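J.: Below is one structure. I have some questions about it.
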Protein chains: 2
Amino acid sequence: MTPENITAAQLRGRIRAAEWRKPTSGAARGFVQANLVMLPQQEAFDFLLFCVRNPKPCPILDVLEAGVYEPKIAPGADLRQDLPLYRIYRNGKLTEEVEAVTDTFSKDMVSFLLGCSFSFENALQSAGIPVRNITEGKNVSMYITKRACTPAGPFSAPLVVSMRPMTPEQAVRAVQITTRFHLTHGAPVHIGDPSQIGIEDIDRPDFGHPVAIEPGEVPVFWACGVTSTLAATSTSLPLVITHAPGHMFVSDLKDEDMTLF
Amino acid sequence: MTPENITAAQLRGRIRAAEWRKPTSGAARGFVQANLVMLPQQEAFDFLLFCVRNPKPCPILDVLEAGVYEPKIAPGADLRQDLPLYRIYRNGKLTEEVEAVTDTFSKDMVSFLLGCSFSFENALQSAGIPVRNITEGKNVSMYITKRACTPAGPFSAPLVVSMRPMTPEQAVRAVQITTRFHLTHGAPVHIGDPSQIGIEDIDRPDFGHPVAIEPGEVPVFWACGVTSTLAATSTSLPLVITHAPGHMFVSDLKDEDMTLF
């Protein structure tokens with residue numbers, strides 16, 4: 001069995017047994033992967049409000065009551081140890097990357113699982129639209145835009161976008177396909193001229209890697225889950241835990257469960 | 001100008017001036033109307049979580065920080081006095097119906113505005129599908145089902161549905177049309193046999209009025225915003241304020257702003 005063909009539960013089992021310590025991209029294909037944010041109960045209402053007010057970058061898949069680490073979207077899973085790599089922020093600064101947060105997570109912390117673009121990338125590929133970052137074997141290009149998210153309480157962030165180049169005809173089809181996936185960022189937020197959303201140099205992404213844009217192609221931009229990490233660390237909380245980039249939580253939901261129609 | 005053709009701001013002005021004290025159904029047509037729930041900040045996270053976990057009955061249009069009464073979806077409006085009639089619940093019991101809550105609303109209360117079915121009823125009518133409760137001049141038939149919403153903290157409720165009878169062909173078209181309106185209850189939750197969702201007698205709705213079901217018609221059921229009132233009053237909070245049935249908040253959003261595609 002290739003990593004692509006195992007189930008989400010099998011992948012989580014390998015992660016918990018310390019047999020899988022790399023990014024989850026391409027693994028357990030067809031299962032929905034998620035961004036993780038854990039923060040103190042005291043700020044949970046404002047952060048949930050931030051997500052509700054900014055549903056394209058921060059689509060909510062699951063939110064757990066304080067102290068709970070078994071998500072409804074993956075019964076039996078443990079959010080404290082079933083991701084391959086975590087980041088811990090203390091007083092707003094990244095202080096550690098660790099392989100489990102069992103001792104760091106506490107009863108007064110609330111966990112948020114937010115949609116990620118892997119789901120719609122599968123759907124694009126199934127529709128015959130090549131996804132450049134996958135064909136080039138790179139992490140998707142991500143950019144901090146000049147568009148501000150709607151703030152909530154102490155949380156604010158610029159909108160972060162991911163970019164995939166394609167022909168205009170493919171872009172039209174990509175709009176249709178990703179519209180169905182409203183819980184994994186939905187339709188694009190921009191097509192074409194990067195400068196219109198404040199991107200100075202398309203060849204120098206703020207996160208991830210640059211990819212080739214071929215003649216006749218336009219850059220297509222989707223809201224990106226990295227926005228949620230910027231928001232969670234935009235105010236100096238004593239403790240915030242997130243997944244490490246690319247090291248996502250793999251849920252039992254299937255991509256098609258996420259579609260609106 | 002008929003009440004149907006005034007703007008939302010004009011209607012709110014009449015309400016605030018005590019010139020409009022009746023239900024808002026059919027007024028300021030094309031503007032999005034909303035269910036209102038106000039409750040203590042202490043319970044706001046759990047109630048927001050209830051709405052997030054039950055998006056079909058409780059689609060979130062706007063949530064305001066504690067003490068704020070001017071919604072983002074209607075700048076200049078005042079949620080404390082711009083609805084024609086309010087209900088006040090104390091310790092879980094309905095105690096008063098009042099025309100303003102300016103003195104009752106306090107700095108530690110959070111306001112929730114949730115989508116209502118008036119938006120998609122306009123769309124159904126525009127598509128040539130007659131809406132029986134409107135043609136009969138009645139309040140829509142609503143039923144408490146045996147389906148439980150996903151609880152959150154102390155909040156729980158059965159799913160409440162509204163019912164509109166139509167032909168099977170119209171039902172197919174109604175599914176397509178209301179799917180677009182995911183923030184105003186979206187696609188139906190059930191079509192056909194009422195007993196499958198725990199409705200004993202279709203001619204005896206739990207709220208609203210019964211309507212005629214003609215030969216060849218099937219009942220079509222949508223999630224209903226009354227669910228949010230049942231949830232907000234499912235635990236004995238010291239103070240909860242809601243709109244009175246049919247006396248909604250009329251926002252500046254237009255119905256078409258609510259569509260996903």
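Naming scheme: A, B, ... for chains in displayed order of the structure tokens; residues 1 onward per chain; ligands 1 onward as shown.
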How would chain A read as a CSV table (one decimal) with C-alpha atoms, in the first residue's frame once least-squares superposed on chain B using all paired C-alpha atoms?

T.:
```
chain,number,residue,atom,x,y,z
A,1,MET,CA,-44.7,53.7,-1.9
A,2,THR,CA,-46.0,50.4,-0.7
A,3,PRO,CA,-44.2,48.7,2.3
A,4,GLU,CA,-42.9,46.2,-0.3
A,5,ASN,CA,-41.0,48.8,-2.2
A,6,ILE,CA,-39.3,50.8,0.6
A,7,THR,CA,-35.6,50.2,1.5
A,8,ALA,CA,-34.4,48.4,4.6
A,9,ALA,CA,-33.2,51.7,6.1
A,10,GLN,CA,-36.6,53.3,5.5
A,11,LEU,CA,-38.4,50.4,7.1
A,12,ARG,CA,-36.0,50.5,10.1
A,13,GLY,CA,-36.7,54.3,10.4
A,14,ARG,CA,-40.4,53.7,10.6
A,15,ILE,CA,-40.0,51.0,13.2
A,16,ARG,CA,-37.7,53.2,15.3
A,17,ALA,CA,-40.3,56.0,15.0
A,18,ALA,CA,-43.0,53.6,16.3
A,19,GLU,CA,-44.8,53.9,12.9
A,20,TRP,CA,-44.5,50.1,12.2
A,21,ARG,CA,-45.4,47.6,14.9
A,22,LYS,CA,-46.4,44.5,12.8
A,23,PRO,CA,-44.5,41.6,11.2
A,24,THR,CA,-41.9,42.4,8.6
A,25,SER,CA,-42.9,39.6,6.1
A,26,GLY,CA,-43.2,41.1,2.6
A,27,ALA,CA,-41.8,44.5,3.6
A,28,ALA,CA,-38.6,45.9,2.0
A,29,ARG,CA,-38.7,43.1,-0.5
A,30,GLY,CA,-35.2,41.9,-1.6
A,31,PHE,CA,-33.5,42.9,1.6
A,32,VAL,CA,-32.3,40.1,3.8
A,33,GLN,CA,-34.2,39.6,7.1
A,34,ALA,CA,-32.7,38.0,10.1
A,35,ASN,CA,-33.5,36.2,13.3
A,36,LEU,CA,-32.1,37.9,16.5
A,37,VAL,CA,-30.6,36.3,19.6
A,38,MET,CA,-28.9,38.3,22.3
A,39,LEU,CA,-27.4,36.5,25.3
A,40,PRO,CA,-24.7,37.0,28.0
A,41,GLN,CA,-21.1,37.1,26.8
A,42,GLN,CA,-20.3,34.3,29.2
A,43,GLU,CA,-22.3,31.9,27.0
A,44,ALA,CA,-21.4,33.5,23.6
A,45,PHE,CA,-18.7,31.0,22.6
A,46,ASP,CA,-20.9,28.0,23.2
A,47,PHE,CA,-23.9,29.6,21.4
A,48,LEU,CA,-21.7,30.6,18.4
A,49,LEU,CA,-20.4,27.0,18.4
A,50,PHE,CA,-24.0,25.7,18.3
A,51,CYS,CA,-24.6,27.9,15.3
A,52,VAL,CA,-21.4,26.8,13.6
A,53,ARG,CA,-22.2,23.1,14.2
A,54,ASN,CA,-25.8,23.5,12.9
A,55,PRO,CA,-25.4,25.8,9.9
A,56,LYS,CA,-28.6,24.9,8.1
A,57,PRO,CA,-31.0,26.0,10.9
A,58,CYS,CA,-28.6,28.6,12.3
A,59,PRO,CA,-26.8,30.3,9.4
A,60,ILE,CA,-24.7,33.2,10.7
A,61,LEU,CA,-25.2,36.5,9.0
A,62,ASP,CA,-23.5,38.7,11.7
A,63,VAL,CA,-22.2,38.3,15.3
A,64,LEU,CA,-21.4,41.5,17.3
A,65,GLU,CA,-18.8,41.9,20.0
A,66,ALA,CA,-20.2,42.2,23.5
A,67,GLY,CA,-22.1,45.5,24.1
A,68,VAL,CA,-22.2,46.4,20.4
A,69,TYR,CA,-25.6,47.0,18.9
A,70,GLU,CA,-24.8,48.4,15.4
A,71,PRO,CA,-24.5,45.4,13.0
A,72,LYS,CA,-21.9,45.4,10.2
A,73,ILE,CA,-24.7,44.3,7.8
A,74,ALA,CA,-26.7,47.5,8.5
A,75,PRO,CA,-24.5,50.5,9.4
A,76,GLY,CA,-26.4,53.1,11.5
A,77,ALA,CA,-29.0,50.5,12.7
A,78,ASP,CA,-29.6,49.8,16.4
A,79,LEU,CA,-30.5,46.3,17.2
A,80,ARG,CA,-32.0,47.4,20.5
A,81,GLN,CA,-34.9,49.4,18.9
A,82,ASP,CA,-35.0,48.6,15.1
A,83,LEU,CA,-37.1,45.5,15.4
A,84,PRO,CA,-40.9,45.8,15.7
A,85,LEU,CA,-41.3,43.4,18.6
A,86,TYR,CA,-38.9,41.6,21.0
A,87,ARG,CA,-39.3,38.7,23.4
A,88,ILE,CA,-37.4,38.7,26.7
A,89,TYR,CA,-36.7,35.4,28.5
A,90,ARG,CA,-35.6,35.4,32.1
A,91,ASN,CA,-34.2,32.2,33.6
A,92,GLY,CA,-35.4,30.3,30.6
A,93,LYS,CA,-39.0,31.5,30.7
A,94,LEU,CA,-40.7,34.0,28.3
A,95,THR,CA,-41.6,37.0,30.6
A,96,GLU,CA,-42.2,40.0,28.3
A,97,GLU,CA,-42.9,41.1,24.7
A,98,VAL,CA,-41.6,44.6,24.2
A,99,GLU,CA,-41.1,47.2,21.4
A,100,ALA,CA,-37.5,48.1,22.4
A,101,VAL,CA,-34.8,46.6,24.6
A,102,THR,CA,-32.7,49.7,24.9
A,103,ASP,CA,-32.7,49.5,28.7
A,104,THR,CA,-32.5,45.7,28.9
A,105,PHE,CA,-29.6,45.1,26.6
A,106,SER,CA,-26.3,45.6,28.5
A,107,LYS,CA,-22.6,45.9,27.8
A,108,ASP,CA,-22.0,42.2,28.5
A,109,MET,CA,-24.5,40.9,25.9
A,110,VAL,CA,-23.6,39.5,22.5
A,111,SER,CA,-26.0,39.7,19.5
A,112,PHE,CA,-26.4,37.1,16.8
A,113,LEU,CA,-28.2,37.7,13.5
A,114,LEU,CA,-29.1,34.4,11.7
A,115,GLY,CA,-30.6,33.9,8.2
A,116,CYS,CA,-34.3,33.5,7.6
A,117,SER,CA,-36.3,31.9,4.9
A,118,PHE,CA,-37.8,35.1,3.5
A,119,SER,CA,-34.8,35.4,1.1
A,120,PHE,CA,-35.3,32.1,-0.6
A,121,GLU,CA,-39.1,32.5,-0.7
A,122,ASN,CA,-38.5,35.6,-2.9
A,123,ALA,CA,-36.2,33.5,-5.1
A,124,LEU,CA,-38.8,30.7,-5.4
A,125,GLN,CA,-41.5,33.1,-6.4
A,126,SER,CA,-39.3,34.7,-8.9
A,127,ALA,CA,-38.7,31.3,-10.5
A,128,GLY,CA,-42.4,30.8,-10.8
A,129,ILE,CA,-42.8,28.4,-7.8
A,130,PRO,CA,-45.9,29.4,-5.8
A,131,VAL,CA,-45.2,29.6,-2.1
A,132,ARG,CA,-48.4,28.3,-0.4
A,133,ASN,CA,-48.1,30.2,2.9
A,134,ILE,CA,-47.8,33.5,0.9
A,135,THR,CA,-50.6,32.7,-1.5
A,136,GLU,CA,-52.8,31.7,1.4
A,137,GLY,CA,-51.7,34.8,3.5
A,138,LYS,CA,-50.6,32.7,6.4
A,139,ASN,CA,-47.5,32.2,8.5
A,140,VAL,CA,-45.4,29.3,7.2
A,141,SER,CA,-46.1,25.9,8.9
A,142,MET,CA,-43.3,24.9,11.2
A,143,TYR,CA,-42.7,21.6,13.0
A,144,ILE,CA,-40.4,20.2,15.7
A,145,THR,CA,-38.7,17.1,14.3
A,146,LYS,CA,-37.2,14.1,16.1
A,147,ARG,CA,-33.8,15.0,14.6
A,148,ALA,CA,-31.5,16.4,17.2
A,149,CYS,CA,-29.1,19.3,16.4
A,150,THR,CA,-25.5,18.8,17.4
A,151,PRO,CA,-25.3,20.3,20.9
A,152,ALA,CA,-22.6,22.8,22.1
A,153,GLY,CA,-21.9,23.5,25.8
A,154,PRO,CA,-25.3,23.9,27.5
A,155,PHE,CA,-27.2,24.5,24.2
A,156,SER,CA,-29.3,21.8,22.5
A,157,ALA,CA,-32.4,21.7,20.4
A,158,PRO,CA,-34.4,19.5,18.1
A,159,LEU,CA,-34.3,20.6,14.5
A,160,VAL,CA,-37.3,22.7,13.6
A,161,VAL,CA,-38.4,22.8,10.0
A,162,SER,CA,-40.7,24.9,7.8
A,163,MET,CA,-42.8,23.2,5.2
A,164,ARG,CA,-44.0,24.3,1.7
A,165,PRO,CA,-46.0,21.9,-0.5
A,166,MET,CA,-45.3,21.7,-4.2
A,167,THR,CA,-45.2,19.3,-7.1
A,168,PRO,CA,-42.2,16.9,-7.4
A,169,GLU,CA,-41.1,18.8,-10.5
A,170,GLN,CA,-41.2,22.1,-8.5
A,171,ALA,CA,-39.4,20.4,-5.6
A,172,VAL,CA,-36.4,19.5,-7.9
A,173,ARG,CA,-36.2,23.2,-9.0
A,174,ALA,CA,-36.6,24.3,-5.4
A,175,VAL,CA,-33.6,22.2,-4.4
A,176,GLN,CA,-31.6,23.9,-7.1
A,177,ILE,CA,-32.7,27.4,-6.2
A,178,THR,CA,-32.4,27.2,-2.4
A,179,THR,CA,-28.9,25.5,-2.7
A,180,ARG,CA,-27.7,28.9,-3.8
A,181,PHE,CA,-29.0,30.5,-0.6
A,182,HIS,CA,-26.7,28.6,1.9
A,183,LEU,CA,-26.9,31.5,4.4
A,184,THR,CA,-30.7,31.4,4.5
A,185,HIS,CA,-31.1,27.7,5.3
A,186,GLY,CA,-30.0,26.4,1.9
A,187,ALA,CA,-31.4,23.2,0.4
A,188,PRO,CA,-34.3,21.2,1.9
A,189,VAL,CA,-33.5,18.8,4.7
A,190,HIS,CA,-36.4,16.4,3.7
A,191,ILE,CA,-38.9,15.8,0.9
A,192,GLY,CA,-42.0,13.7,1.3
A,193,ASP,CA,-43.2,11.5,4.2
A,194,PRO,CA,-43.4,13.7,7.3
A,195,SER,CA,-43.3,10.7,9.7
A,196,GLN,CA,-39.7,10.0,8.6
A,197,ILE,CA,-38.6,13.1,10.5
A,198,GLY,CA,-41.0,12.6,13.4
A,199,ILE,CA,-43.9,14.7,12.3
A,200,GLU,CA,-47.1,13.0,13.5
A,201,ASP,CA,-49.8,15.2,11.9
A,202,ILE,CA,-48.9,17.5,9.0
A,203,ASP,CA,-52.1,19.4,9.6
A,204,ARG,CA,-51.1,20.4,13.1
A,205,PRO,CA,-47.8,22.4,12.9
A,206,ASP,CA,-46.1,23.3,16.1
A,207,PHE,CA,-45.7,26.9,15.1
A,208,GLY,CA,-47.4,29.0,12.3
A,209,HIS,CA,-50.5,27.9,10.4
A,210,PRO,CA,-51.5,24.8,8.4
A,211,VAL,CA,-51.7,25.2,4.7
A,212,ALA,CA,-53.4,23.1,2.0
A,213,ILE,CA,-51.5,20.3,0.4
A,214,GLU,CA,-53.1,19.6,-3.0
A,215,PRO,CA,-53.3,16.2,-4.8
A,216,GLY,CA,-50.0,15.5,-6.5
A,217,GLU,CA,-48.0,17.7,-4.2
A,218,VAL,CA,-45.3,16.6,-1.7
A,219,PRO,CA,-44.3,18.5,1.5
A,220,VAL,CA,-40.8,20.0,1.2
A,221,PHE,CA,-39.0,20.7,4.5
A,222,TRP,CA,-36.3,23.3,5.2
A,223,ALA,CA,-34.4,23.9,8.4
A,224,CYS,CA,-35.9,26.8,10.3
A,225,GLY,CA,-34.5,29.6,12.3
A,226,VAL,CA,-36.9,28.9,15.2
A,227,THR,CA,-34.3,26.2,16.1
A,228,SER,CA,-32.0,29.0,17.3
A,229,THR,CA,-34.7,30.4,19.7
A,230,LEU,CA,-35.2,26.9,21.2
A,231,ALA,CA,-31.5,26.4,21.5
A,232,ALA,CA,-30.9,29.8,23.2
A,233,THR,CA,-33.7,29.1,25.7
A,234,SER,CA,-32.8,25.4,26.2
A,235,THR,CA,-30.7,26.3,29.2
A,236,SER,CA,-31.8,28.5,32.0
A,237,LEU,CA,-29.8,31.7,31.3
A,238,PRO,CA,-30.6,34.8,33.4
A,239,LEU,CA,-31.4,36.8,30.3
A,240,VAL,CA,-32.0,36.1,26.6
A,241,ILE,CA,-33.6,38.5,24.1
A,242,THR,CA,-35.0,37.4,20.7
A,243,HIS,CA,-37.2,38.9,18.0
A,244,ALA,CA,-40.9,38.0,18.3
A,245,PRO,CA,-41.9,35.5,15.7
A,246,GLY,CA,-42.3,37.2,12.2
A,247,HIS,CA,-40.9,40.5,13.6
A,248,MET,CA,-37.4,40.2,12.1
A,249,PHE,CA,-34.4,42.5,11.8
A,250,VAL,CA,-34.2,43.9,8.2
A,251,SER,CA,-30.6,44.3,7.1
A,252,ASP,CA,-29.0,46.3,4.2
A,253,LEU,CA,-27.9,43.0,2.5
A,254,LYS,CA,-29.7,42.1,-0.6
A,255,ASP,CA,-31.0,38.5,-1.2
A,256,GLU,CA,-28.5,38.1,-4.1
A,257,ASP,CA,-25.6,39.0,-1.8
A,258,MET,CA,-26.4,35.8,0.1
A,259,THR,CA,-25.9,33.4,-2.8
A,260,LEU,CA,-22.9,31.2,-3.0
A,261,PHE,CA,-22.9,31.1,-6.8
```

J.: Name the residues of range 105-261 of chain A that fall into helix (DSSP H, G or I) according to DSSP on the backbone, using the chain letters and numbers of this document, as a PyMOL selection string.

T.: chain A and resi 118-126+132-135+168-180+182-184+194-197+226-232+255-258

J.: Let's see if you can do this: from backbone DSSP, list all strand (DSSP E or B) residues in range 71-189 of chain A, as a VMD selection string.

T.: chain A and resid 86 to 90 93 to 98 109 to 115 141 to 148 152 155 158 to 166
